$ cat final36.txt   # compact mmCIF, C-alpha atoms
# COMPACT_ATOMS: atom_id res chain seq x y z
CA MET A 1 -103.68 22.81 -37.10
CA ARG A 2 -104.82 26.39 -36.72
CA SER A 3 -102.80 28.71 -34.53
CA GLY A 4 -103.62 28.13 -30.88
CA VAL A 5 -105.94 25.20 -31.62
CA HIS A 6 -104.72 21.68 -30.94
CA THR A 7 -106.14 18.78 -32.85
CA ARG A 8 -107.28 15.90 -30.73
CA SER A 9 -104.81 13.05 -30.85
CA ILE A 10 -106.20 9.61 -31.52
CA GLN A 11 -105.82 7.40 -28.49
CA ARG A 12 -106.16 3.68 -28.66
CA SER A 13 -108.33 1.86 -26.20
CA PRO A 14 -106.37 0.61 -23.19
CA PHE A 15 -108.64 -2.44 -23.29
CA GLY A 16 -107.81 -3.50 -26.84
CA GLU A 17 -104.85 -5.62 -25.81
CA PRO A 18 -106.76 -7.62 -23.17
CA ILE A 19 -109.63 -8.21 -25.61
CA VAL A 20 -107.25 -9.60 -28.24
CA LEU A 21 -105.51 -11.68 -25.56
CA GLY A 22 -108.86 -13.02 -24.39
CA LEU A 23 -109.86 -14.10 -27.87
CA LEU A 24 -106.47 -15.74 -28.42
CA SER A 25 -106.71 -17.47 -25.04
CA GLU A 26 -109.48 -19.59 -26.56
CA ALA A 27 -107.62 -20.58 -29.74
CA PRO A 28 -104.97 -19.31 -32.17
CA LEU A 29 -106.50 -17.07 -34.84
CA HIS A 30 -105.39 -15.20 -37.94
CA GLY A 31 -105.93 -11.45 -38.12
CA TYR A 32 -109.12 -11.47 -40.15
CA ALA A 33 -110.67 -14.11 -37.88
CA LEU A 34 -109.86 -11.89 -34.88
CA PHE A 35 -111.40 -8.93 -36.67
CA THR A 36 -114.64 -10.79 -37.46
CA ARG A 37 -114.96 -12.08 -33.88
CA ILE A 38 -114.53 -8.57 -32.53
CA ARG A 39 -116.98 -7.16 -35.07
CA ASP A 40 -119.59 -9.91 -34.64
CA GLU A 41 -119.33 -10.88 -30.96
CA LEU A 42 -118.22 -7.66 -29.29
CA ALA A 43 -120.34 -5.21 -31.27
CA GLY A 44 -121.30 -2.32 -29.03
CA VAL A 45 -118.45 -3.12 -26.66
CA TRP A 46 -115.33 -2.45 -28.72
CA ARG A 47 -114.58 -1.79 -32.33
CA ILE A 48 -111.39 -1.43 -34.26
CA LYS A 49 -110.51 -0.90 -37.89
CA MET A 50 -108.67 -3.72 -39.62
CA ASN A 51 -105.48 -1.70 -40.18
CA ARG A 52 -105.39 -0.69 -36.51
CA LEU A 53 -105.89 -4.30 -35.43
CA TYR A 54 -102.88 -5.39 -37.47
CA ALA A 55 -100.81 -2.56 -35.96
CA LEU A 56 -101.96 -3.65 -32.49
CA LEU A 57 -101.05 -7.27 -33.23
CA ASP A 58 -97.56 -6.19 -34.39
CA GLU A 59 -97.11 -4.13 -31.22
CA MET A 60 -98.31 -6.98 -28.99
CA GLU A 61 -95.94 -9.40 -30.72
CA ARG A 62 -93.00 -7.01 -30.21
CA ARG A 63 -93.89 -6.83 -26.51
CA GLY A 64 -93.96 -10.62 -26.22
CA PHE A 65 -97.68 -11.08 -25.49
CA ILE A 66 -98.38 -13.06 -28.66
CA GLN A 67 -96.44 -14.99 -31.30
CA SER A 68 -97.30 -15.56 -34.92
CA HIS A 69 -96.42 -18.05 -37.58
CA CYS A 70 -97.22 -18.04 -41.29
CA GLU A 71 -99.73 -20.49 -42.66
CA GLN A 72 -100.55 -21.33 -46.28
CA VAL A 73 -104.17 -22.13 -47.11
CA GLY A 74 -104.67 -23.34 -50.66
CA ASN A 75 -103.62 -20.80 -53.28
CA ARG A 76 -104.25 -17.86 -50.98
CA PRO A 77 -101.48 -15.57 -49.74
CA LEU A 78 -99.69 -16.53 -46.54
CA ARG A 79 -101.49 -15.45 -43.41
CA HIS A 80 -100.19 -14.87 -39.92
CA VAL A 81 -101.76 -17.00 -37.21
CA TYR A 82 -101.43 -15.55 -33.72
CA ARG A 83 -101.29 -17.38 -30.43
CA LEU A 84 -100.93 -16.33 -26.83
CA THR A 85 -97.55 -16.54 -25.07
CA PRO A 86 -97.26 -17.35 -21.35
CA LYS A 87 -96.58 -13.63 -20.76
CA GLY A 88 -99.77 -12.73 -22.64
CA ARG A 89 -101.79 -15.31 -20.72
CA ARG A 90 -100.57 -13.89 -17.38
CA LEU A 91 -101.47 -10.35 -18.49
CA PHE A 92 -104.96 -11.45 -19.53
CA GLN A 93 -105.57 -13.37 -16.31
CA ALA A 94 -104.42 -10.41 -14.19
CA TRP A 95 -106.75 -8.10 -16.16
CA MET A 96 -109.65 -10.47 -15.61
CA ARG A 97 -109.00 -10.68 -11.86
CA ALA A 98 -108.64 -6.93 -11.26
CA PRO A 99 -111.93 -5.07 -10.76
CA SER A 100 -112.47 -1.79 -12.57
CA GLN A 101 -111.53 1.02 -10.21
CA THR A 102 -113.49 3.88 -11.76
CA MET A 103 -116.91 4.16 -13.33
CA ARG A 104 -115.27 5.13 -16.63
CA ASP A 105 -113.17 1.97 -16.54
CA MET A 106 -116.17 -0.09 -15.54
CA ARG A 107 -118.17 1.28 -18.47
CA LEU A 108 -115.36 0.46 -20.90
CA GLU A 109 -113.69 -2.66 -19.55
CA PHE A 110 -116.33 -4.52 -17.57
CA PRO A 111 -118.48 -5.56 -20.58
CA PRO A 112 -115.61 -7.38 -22.33
CA LYS A 113 -114.55 -8.90 -19.01
CA LEU A 114 -118.10 -10.16 -18.54
CA TYR A 115 -118.08 -11.55 -22.09
CA PHE A 116 -114.95 -13.60 -21.38
CA ALA A 117 -116.18 -14.67 -17.94
CA LEU A 118 -119.49 -15.88 -19.41
CA ARG A 119 -117.59 -17.90 -22.00
CA ARG A 120 -115.74 -19.61 -19.15
CA GLY A 121 -118.88 -20.51 -17.24
CA GLN A 122 -121.32 -19.41 -14.60
CA GLN A 123 -118.83 -19.53 -11.72
CA ALA A 124 -116.30 -17.36 -13.55
CA ALA A 125 -119.02 -14.78 -14.20
CA ALA A 126 -120.20 -14.90 -10.57
CA ASP A 127 -116.63 -14.39 -9.30
CA LEU A 128 -116.07 -11.46 -11.65
CA ILE A 129 -119.35 -9.83 -10.61
CA ALA A 130 -118.56 -10.29 -6.89
CA ARG A 131 -115.13 -8.65 -7.26
CA GLN A 132 -116.66 -5.73 -9.14
CA GLN A 133 -119.44 -5.33 -6.57
CA ALA A 134 -116.84 -5.11 -3.78
CA ALA A 135 -114.89 -2.44 -5.71
CA CYS A 136 -118.09 -0.48 -6.39
CA ARG A 137 -119.11 -0.62 -2.72
CA ALA A 138 -115.71 0.80 -1.72
CA GLU A 139 -116.08 3.55 -4.31
CA LEU A 140 -119.63 4.27 -3.13
CA GLU A 141 -118.41 4.68 0.45
CA ARG A 142 -115.62 7.03 -0.67
CA LEU A 143 -117.97 9.16 -2.77
CA THR A 144 -120.67 9.21 -0.09
CA ASN A 145 -118.10 10.56 2.38
CA GLN A 146 -117.05 13.23 -0.13
CA ARG A 147 -120.66 14.22 -0.65
CA ALA A 148 -121.25 14.42 3.12
CA ALA A 149 -118.22 16.72 3.47
CA ALA A 150 -119.45 19.09 0.74
CA HIS A 151 -121.72 22.04 1.46
CA PRO A 152 -125.31 20.88 0.72
CA ASN A 153 -126.57 21.87 -2.73
CA SER A 154 -123.19 23.29 -3.75
CA TYR A 155 -121.71 22.45 -7.11
CA ARG A 156 -119.29 20.00 -5.45
CA TRP A 157 -122.19 18.33 -3.62
CA LEU A 158 -124.12 17.99 -6.90
CA ILE A 159 -121.13 16.39 -8.67
CA CYS A 160 -120.55 14.00 -5.76
CA ASP A 161 -124.24 13.15 -5.78
CA PHE A 162 -124.09 12.48 -9.52
CA ARG A 163 -121.16 10.10 -9.02
CA VAL A 164 -122.82 8.39 -6.06
CA ARG A 165 -125.90 7.75 -8.20
CA GLN A 166 -123.73 6.34 -11.02
CA VAL A 167 -122.15 3.84 -8.65
CA GLN A 168 -125.54 2.95 -7.17
CA ALA A 169 -126.87 2.27 -10.68
CA ALA A 170 -123.82 0.13 -11.47
CA LEU A 171 -124.34 -1.84 -8.26
CA GLU A 172 -128.00 -2.36 -9.12
CA TRP A 173 -127.05 -3.66 -12.58
CA LEU A 174 -124.33 -5.92 -11.14
CA GLU A 175 -126.85 -7.36 -8.70
CA HIS A 176 -129.23 -8.03 -11.60
CA CYS A 177 -126.39 -9.84 -13.43
CA ARG A 178 -125.62 -11.86 -10.29
CA GLU A 179 -129.26 -12.87 -9.82
CA HIS A 180 -129.82 -13.77 -13.49
CA PRO A 181 -126.61 -15.43 -14.72
CA LEU A 182 -128.35 -18.08 -16.83
CA ILE A 183 -130.22 -15.46 -18.81
CA ALA A 184 -126.91 -13.91 -19.81
CA LEU A 185 -125.38 -17.31 -20.60
CA GLU A 186 -128.37 -18.36 -22.71
CA SER A 187 -128.39 -15.01 -24.49
CA LEU A 188 -124.71 -15.30 -25.36
CA THR A 189 -125.14 -18.89 -26.54
CA GLY A 190 -128.12 -17.93 -28.69
CA GLU A 191 -126.21 -15.11 -30.36
CA GLU A 192 -123.34 -17.44 -31.19
CA ARG A 193 -125.63 -19.98 -32.83
CA GLY A 194 -127.23 -17.32 -35.04
$ encode --input "final36.txt" --output "structure tokens"
Amino acid sequence: MRSGVHTRSIQRSPFGEPIVLGLLSEAPLHGYALFTRIRDELAGVWRIKMNRLYALLDEMERRGFIQSHCEQVGNRPLRHVYRLTPKGRRLFQAWMRAPSQTMRDMRLEFPPKLYFALRRGQQAAADLIARQQAACRAELERLTNQRAAAHPNSYRWLICDFRVRQVQAALEWLEHCREHPLIALESLTGEERG
């Protein structure tokens, strides 16, 4: 570090744990199987290096969200197979039920939530979308009021307007998802077959 210059610390995604919990909610998996599912099925949504995934798994096991046991497969080295604990299942379910409160959170956490909801069926996806639409409408009202209170064409007004338009775009996309749920389900199914 140079004098007076701070290096940027590496922060882990706050959504990594719920993604791992979601994958383990479907079936117990060993570390490499988790890694390949994340890499293959959640590409463009979340990525993690193998060594970081193992560190995350260790941390989650220490916190009681998952448990592991060793499994021998042929002549290969022992591998750890991870499964969800009741505590981990409750955490995942609470994460799935809670709508994203900010546009940043929606951008980062809503896509994996939608992935898991789609895997659980059309109704789960519709419920998730409806909760997120309600949260976005509340945020739109709050931001619209802030914009109305700002001096027209001031910097603050422009920033509020920018945020209002982000929420409007998110609402438009959510409505598209709500109106076309089978397209998303078929698309996901097709990718998994490939």
$ atom_distance --input "final36.txt" --atom1 "CA of Ser68 (chain A)" --atom2 "CA of Gln93 (chain A)"
20.5 Å
$ residues_around --input "final36.txt" --residues "region 140-152 of chain A" --least-positions-apart "3" --cutoff "7 Å" --atoms "only C-alpha atoms" --output "ChimeraX atom specification"
/A:136-137,156-157,160-161,164,167
$ residues_around --input "final36.txt" --residues "Leu24 (chain A)" --least-positions-apart "4" --cutoff "6 Å" --atoms "all atoms listed in the file" --output "list in words"
Pro28, Arg83 and Leu84 of chain A
$ atom_distance --input "final36.txt" --atom1 "CA of Tyr82 (chain A)" --atom2 "CA of Arg120 (chain A)"
20.8 Å
$ closest_atom_pairs --input "final36.txt" --of "region 83-171 of chain A" --to "region 37-57 of chain A" --cutoff "9 Å" --atoms "all atoms listed in the file" --output "CSV"
residue,atom,partner,partner_atom,distance
A:Leu108,CA,A:Val45,CA,7.5
A:Glu109,CA,A:Val45,CA,8.6
A:Pro111,CA,A:Val45,CA,6.6
A:Pro112,CA,A:Val45,CA,6.7
A:Tyr115,CA,A:Leu42,CA,8.2
$ residues_near_point --input "final36.txt" --point "(-98.8, -16.7, -40.3)" --cutoff "10 Å" --atoms "all atoms listed in the file" --output "PDB file with C-alpha atoms, in the coordinates of the input"
ATOM      1  CA  LEU A  29    -106.500 -17.070 -34.840  1.00  0.00           C
ATOM      2  CA  HIS A  30    -105.390 -15.200 -37.940  1.00  0.00           C
ATOM      3  CA  GLY A  31    -105.930 -11.450 -38.120  1.00  0.00           C
ATOM      4  CA  GLN A  67     -96.440 -14.990 -31.300  1.00  0.00           C
ATOM      5  CA  SER A  68     -97.300 -15.560 -34.920  1.00  0.00           C
ATOM      6  CA  HIS A  69     -96.420 -18.050 -37.580  1.00  0.00           C
ATOM      7  CA  CYS A  70     -97.220 -18.040 -41.290  1.00  0.00           C
ATOM      8  CA  GLU A  71     -99.730 -20.490 -42.660  1.00  0.00           C
ATOM      9  CA  GLN A  72    -100.550 -21.330 -46.280  1.00  0.00           C
ATOM     10  CA  PRO A  77    -101.480 -15.570 -49.740  1.00  0.00           C
ATOM     11  CA  LEU A  78     -99.690 -16.530 -46.540  1.00  0.00           C
ATOM     12  CA  ARG A  79    -101.490 -15.450 -43.410  1.00  0.00           C
ATOM     13  CA  HIS A  80    -100.190 -14.870 -39.920  1.00  0.00           C
ATOM     14  CA  VAL A  81    -101.760 -17.000 -37.210  1.00  0.00           C
ATOM     15  CA  TYR A  82    -101.430 -15.550 -33.720  1.00  0.00           C
TER      16      TYR A  82
END
$ residues_around --input "final36.txt" --residues "region 130-133 of chain A" --least-positions-apart "4" --cutoff "10 Å" --atoms "all atoms listed in the file" --output "ChimeraX atom specification"
/A:97-101,106,110,124-126,137-139,167,170-175,178
$ decode --input "final36.txt" --residues "region 11-161 of chain A" --atoms "C-alpha atoms" --output "PDB file, in the first residue's frame"
ATOM      1  CA  GLN A  11     -15.745  -8.255   0.032  1.00  0.00           C
ATOM      2  CA  ARG A  12     -17.675 -11.434  -0.413  1.00  0.00           C
ATOM      3  CA  SER A  13     -21.138 -11.356  -1.851  1.00  0.00           C
ATOM      4  CA  PRO A  14     -23.818 -11.198   0.842  1.00  0.00           C
ATOM      5  CA  PHE A  15     -25.885 -13.443  -1.426  1.00  0.00           C
ATOM      6  CA  GLY A  16     -23.371 -16.292  -1.629  1.00  0.00           C
ATOM      7  CA  GLU A  17     -24.693 -18.038   1.454  1.00  0.00           C
ATOM      8  CA  PRO A  18     -28.332 -18.063   0.313  1.00  0.00           C
ATOM      9  CA  ILE A  19     -27.307 -19.342  -3.128  1.00  0.00           C
ATOM     10  CA  VAL A  20     -25.381 -22.241  -1.593  1.00  0.00           C
ATOM     11  CA  LEU A  21     -28.285 -22.914   0.779  1.00  0.00           C
ATOM     12  CA  GLY A  22     -30.709 -22.904  -2.144  1.00  0.00           C
ATOM     13  CA  LEU A  23     -28.677 -25.430  -4.090  1.00  0.00           C
ATOM     14  CA  LEU A  24     -28.346 -27.644  -1.016  1.00  0.00           C
ATOM     15  CA  SER A  25     -32.087 -27.343  -0.347  1.00  0.00           C
ATOM     16  CA  GLU A  26     -32.601 -29.455  -3.466  1.00  0.00           C
ATOM     17  CA  ALA A  27     -30.128 -32.216  -2.582  1.00  0.00           C
ATOM     18  CA  PRO A  28     -26.875 -32.819  -0.686  1.00  0.00           C
ATOM     19  CA  LEU A  29     -23.842 -32.046  -2.851  1.00  0.00           C
ATOM     20  CA  HIS A  30     -20.069 -32.229  -2.601  1.00  0.00           C
ATOM     21  CA  GLY A  31     -18.029 -29.071  -3.096  1.00  0.00           C
ATOM     22  CA  TYR A  32     -17.105 -29.598  -6.724  1.00  0.00           C
ATOM     23  CA  ALA A  33     -20.717 -30.416  -7.641  1.00  0.00           C
ATOM     24  CA  LEU A  34     -21.786 -27.140  -5.989  1.00  0.00           C
ATOM     25  CA  PHE A  35     -19.083 -25.303  -7.906  1.00  0.00           C
ATOM     26  CA  THR A  36     -20.160 -26.746 -11.271  1.00  0.00           C
ATOM     27  CA  ARG A  37     -23.846 -25.952 -10.613  1.00  0.00           C
ATOM     28  CA  ILE A  38     -22.966 -22.367  -9.759  1.00  0.00           C
ATOM     29  CA  ARG A  39     -20.694 -22.081 -12.793  1.00  0.00           C
ATOM     30  CA  ASP A  40     -23.099 -23.746 -15.232  1.00  0.00           C
ATOM     31  CA  GLU A  41     -26.552 -22.734 -13.980  1.00  0.00           C
ATOM     32  CA  LEU A  42     -25.937 -19.351 -12.392  1.00  0.00           C
ATOM     33  CA  ALA A  43     -23.485 -17.939 -14.934  1.00  0.00           C
ATOM     34  CA  GLY A  44     -23.973 -14.200 -15.178  1.00  0.00           C
ATOM     35  CA  VAL A  45     -25.698 -14.131 -11.797  1.00  0.00           C
ATOM     36  CA  TRP A  46     -22.967 -15.132  -9.352  1.00  0.00           C
ATOM     37  CA  ARG A  47     -19.509 -16.541  -9.624  1.00  0.00           C
ATOM     38  CA  ILE A  48     -17.027 -17.748  -7.081  1.00  0.00           C
ATOM     39  CA  LYS A  49     -13.590 -19.301  -7.231  1.00  0.00           C
ATOM     40  CA  MET A  50     -13.282 -22.860  -6.003  1.00  0.00           C
ATOM     41  CA  ASN A  51     -11.034 -21.966  -3.056  1.00  0.00           C
ATOM     42  CA  ARG A  52     -13.456 -19.255  -1.933  1.00  0.00           C
ATOM     43  CA  LEU A  53     -16.384 -21.668  -2.183  1.00  0.00           C
ATOM     44  CA  TYR A  54     -14.631 -24.121   0.129  1.00  0.00           C
ATOM     45  CA  ALA A  55     -13.881 -21.302   2.585  1.00  0.00           C
ATOM     46  CA  LEU A  56     -17.546 -20.255   2.425  1.00  0.00           C
ATOM     47  CA  LEU A  57     -18.678 -23.843   3.025  1.00  0.00           C
ATOM     48  CA  ASP A  58     -16.382 -24.096   6.073  1.00  0.00           C
ATOM     49  CA  GLU A  59     -17.754 -20.811   7.420  1.00  0.00           C
ATOM     50  CA  MET A  60     -21.361 -21.887   6.835  1.00  0.00           C
ATOM     51  CA  GLU A  61     -20.725 -25.198   8.588  1.00  0.00           C
ATOM     52  CA  ARG A  62     -19.202 -23.397  11.596  1.00  0.00           C
ATOM     53  CA  ARG A  63     -22.311 -21.210  11.765  1.00  0.00           C
ATOM     54  CA  GLY A  64     -24.599 -24.250  11.710  1.00  0.00           C
ATOM     55  CA  PHE A  65     -26.272 -23.654   8.330  1.00  0.00           C
ATOM     56  CA  ILE A  66     -24.908 -26.831   6.740  1.00  0.00           C
ATOM     57  CA  GLN A  67     -23.363 -30.125   7.838  1.00  0.00           C
ATOM     58  CA  SER A  68     -20.910 -32.315   6.000  1.00  0.00           C
ATOM     59  CA  HIS A  69     -19.876 -35.921   6.063  1.00  0.00           C
ATOM     60  CA  CYS A  70     -17.037 -37.673   4.264  1.00  0.00           C
ATOM     61  CA  GLU A  71     -17.792 -40.029   1.423  1.00  0.00           C
ATOM     62  CA  GLN A  72     -15.480 -42.456  -0.374  1.00  0.00           C
ATOM     63  CA  VAL A  73     -16.052 -42.961  -4.100  1.00  0.00           C
ATOM     64  CA  GLY A  74     -13.918 -45.708  -5.586  1.00  0.00           C
ATOM     65  CA  ASN A  75     -10.190 -45.081  -5.258  1.00  0.00           C
ATOM     66  CA  ARG A  76     -10.628 -41.324  -5.169  1.00  0.00           C
ATOM     67  CA  PRO A  77      -9.788 -39.213  -2.118  1.00  0.00           C
ATOM     68  CA  LEU A  78     -12.510 -38.680   0.472  1.00  0.00           C
ATOM     69  CA  ARG A  79     -14.875 -35.874  -0.371  1.00  0.00           C
ATOM     70  CA  HIS A  80     -17.117 -33.809   1.856  1.00  0.00           C
ATOM     71  CA  VAL A  81     -20.816 -33.976   1.048  1.00  0.00           C
ATOM     72  CA  TYR A  82     -22.805 -31.014   2.365  1.00  0.00           C
ATOM     73  CA  ARG A  83     -26.439 -30.905   3.369  1.00  0.00           C
ATOM     74  CA  LEU A  84     -28.721 -28.243   4.739  1.00  0.00           C
ATOM     75  CA  THR A  85     -29.507 -28.069   8.462  1.00  0.00           C
ATOM     76  CA  PRO A  86     -32.905 -26.899   9.753  1.00  0.00           C
ATOM     77  CA  LYS A  87     -31.245 -23.572  10.642  1.00  0.00           C
ATOM     78  CA  GLY A  88     -29.941 -23.250   7.074  1.00  0.00           C
ATOM     79  CA  ARG A  89     -33.344 -24.120   5.617  1.00  0.00           C
ATOM     80  CA  ARG A  90     -35.022 -21.410   7.742  1.00  0.00           C
ATOM     81  CA  LEU A  91     -32.428 -18.845   6.636  1.00  0.00           C
ATOM     82  CA  PHE A  92     -32.947 -19.732   2.974  1.00  0.00           C
ATOM     83  CA  GLN A  93     -36.733 -19.612   3.249  1.00  0.00           C
ATOM     84  CA  ALA A  94     -36.613 -16.214   4.997  1.00  0.00           C
ATOM     85  CA  TRP A  95     -34.299 -14.892   2.256  1.00  0.00           C
ATOM     86  CA  MET A  96     -36.663 -16.139  -0.431  1.00  0.00           C
ATOM     87  CA  ARG A  97     -39.689 -14.504   1.233  1.00  0.00           C
ATOM     88  CA  ALA A  98     -38.083 -11.091   1.816  1.00  0.00           C
ATOM     89  CA  PRO A  99     -38.228  -8.729  -1.169  1.00  0.00           C
ATOM     90  CA  SER A 100     -35.113  -6.793  -2.131  1.00  0.00           C
ATOM     91  CA  GLN A 101     -35.323  -3.373  -0.517  1.00  0.00           C
ATOM     92  CA  THR A 102     -32.968  -1.426  -2.778  1.00  0.00           C
ATOM     93  CA  MET A 103     -32.303  -1.428  -6.493  1.00  0.00           C
ATOM     94  CA  ARG A 104     -28.725  -2.570  -5.806  1.00  0.00           C
ATOM     95  CA  ASP A 105     -30.028  -5.530  -3.824  1.00  0.00           C
ATOM     96  CA  MET A 106     -32.617  -6.268  -6.476  1.00  0.00           C
ATOM     97  CA  ARG A 107     -29.948  -6.281  -9.176  1.00  0.00           C
ATOM     98  CA  LEU A 108     -27.778  -8.673  -7.171  1.00  0.00           C
ATOM     99  CA  GLU A 109     -30.170 -10.892  -5.246  1.00  0.00           C
ATOM    100  CA  PHE A 110     -33.375 -11.023  -7.273  1.00  0.00           C
ATOM    101  CA  PRO A 111     -31.956 -13.080 -10.192  1.00  0.00           C
ATOM    102  CA  PRO A 112     -30.870 -15.984  -7.956  1.00  0.00           C
ATOM    103  CA  LYS A 113     -34.154 -15.743  -6.041  1.00  0.00           C
ATOM    104  CA  LEU A 114     -36.003 -15.980  -9.351  1.00  0.00           C
ATOM    105  CA  TYR A 115     -33.850 -18.974 -10.337  1.00  0.00           C
ATOM    106  CA  PHE A 116     -34.834 -20.854  -7.177  1.00  0.00           C
ATOM    107  CA  ALA A 117     -38.481 -19.802  -7.424  1.00  0.00           C
ATOM    108  CA  LEU A 118     -38.670 -21.027 -11.037  1.00  0.00           C
ATOM    109  CA  ARG A 119     -37.226 -24.367  -9.967  1.00  0.00           C
ATOM    110  CA  ARG A 120     -40.048 -24.656  -7.430  1.00  0.00           C
ATOM    111  CA  GLY A 121     -42.785 -23.929  -9.938  1.00  0.00           C
ATOM    112  CA  GLN A 122     -44.890 -21.254 -11.535  1.00  0.00           C
ATOM    113  CA  GLN A 123     -46.743 -20.291  -8.340  1.00  0.00           C
ATOM    114  CA  ALA A 124     -43.519 -19.809  -6.375  1.00  0.00           C
ATOM    115  CA  ALA A 125     -42.220 -17.516  -9.125  1.00  0.00           C
ATOM    116  CA  ALA A 126     -45.501 -15.569  -9.257  1.00  0.00           C
ATOM    117  CA  ASP A 127     -45.462 -15.079  -5.466  1.00  0.00           C
ATOM    118  CA  LEU A 128     -41.851 -13.894  -5.523  1.00  0.00           C
ATOM    119  CA  ILE A 129     -42.563 -11.450  -8.345  1.00  0.00           C
ATOM    120  CA  ALA A 130     -45.658 -10.075  -6.568  1.00  0.00           C
ATOM    121  CA  ARG A 131     -43.710  -9.435  -3.342  1.00  0.00           C
ATOM    122  CA  GLN A 132     -40.959  -7.677  -5.284  1.00  0.00           C
ATOM    123  CA  GLN A 133     -43.459  -5.578  -7.235  1.00  0.00           C
ATOM    124  CA  ALA A 134     -45.024  -4.390  -3.955  1.00  0.00           C
ATOM    125  CA  ALA A 135     -41.589  -3.447  -2.567  1.00  0.00           C
ATOM    126  CA  CYS A 136     -40.706  -1.611  -5.789  1.00  0.00           C
ATOM    127  CA  ARG A 137     -43.993   0.314  -5.763  1.00  0.00           C
ATOM    128  CA  ALA A 138     -43.290   1.465  -2.193  1.00  0.00           C
ATOM    129  CA  GLU A 139     -39.781   2.526  -3.205  1.00  0.00           C
ATOM    130  CA  LEU A 140     -41.157   4.316  -6.276  1.00  0.00           C
ATOM    131  CA  GLU A 141     -43.573   6.289  -4.108  1.00  0.00           C
ATOM    132  CA  ARG A 142     -40.779   7.242  -1.690  1.00  0.00           C
ATOM    133  CA  LEU A 143     -38.457   8.353  -4.488  1.00  0.00           C
ATOM    134  CA  THR A 144     -41.218  10.207  -6.338  1.00  0.00           C
ATOM    135  CA  ASN A 145     -41.922  12.190  -3.164  1.00  0.00           C
ATOM    136  CA  GLN A 146     -38.215  12.985  -2.796  1.00  0.00           C
ATOM    137  CA  ARG A 147     -38.066  14.147  -6.395  1.00  0.00           C
ATOM    138  CA  ALA A 148     -41.161  16.341  -5.913  1.00  0.00           C
ATOM    139  CA  ALA A 149     -39.537  17.966  -2.863  1.00  0.00           C
ATOM    140  CA  ALA A 150     -36.323  18.766  -4.750  1.00  0.00           C
ATOM    141  CA  HIS A 151     -35.832  21.994  -6.683  1.00  0.00           C
ATOM    142  CA  PRO A 152     -36.652  21.231 -10.360  1.00  0.00           C
ATOM    143  CA  ASN A 153     -33.597  20.511 -12.496  1.00  0.00           C
ATOM    144  CA  SER A 154     -31.253  20.638  -9.509  1.00  0.00           C
ATOM    145  CA  TYR A 155     -28.634  17.965  -9.031  1.00  0.00           C
ATOM    146  CA  ARG A 156     -30.753  16.353  -6.291  1.00  0.00           C
ATOM    147  CA  TRP A 157     -33.792  16.351  -8.601  1.00  0.00           C
ATOM    148  CA  LEU A 158     -31.735  14.703 -11.374  1.00  0.00           C
ATOM    149  CA  ILE A 159     -30.483  11.965  -9.025  1.00  0.00           C
ATOM    150  CA  CYS A 160     -34.004  11.333  -7.703  1.00  0.00           C
ATOM    151  CA  ASP A 161     -35.273  11.212 -11.271  1.00  0.00           C
TER     152      ASP A 161
END
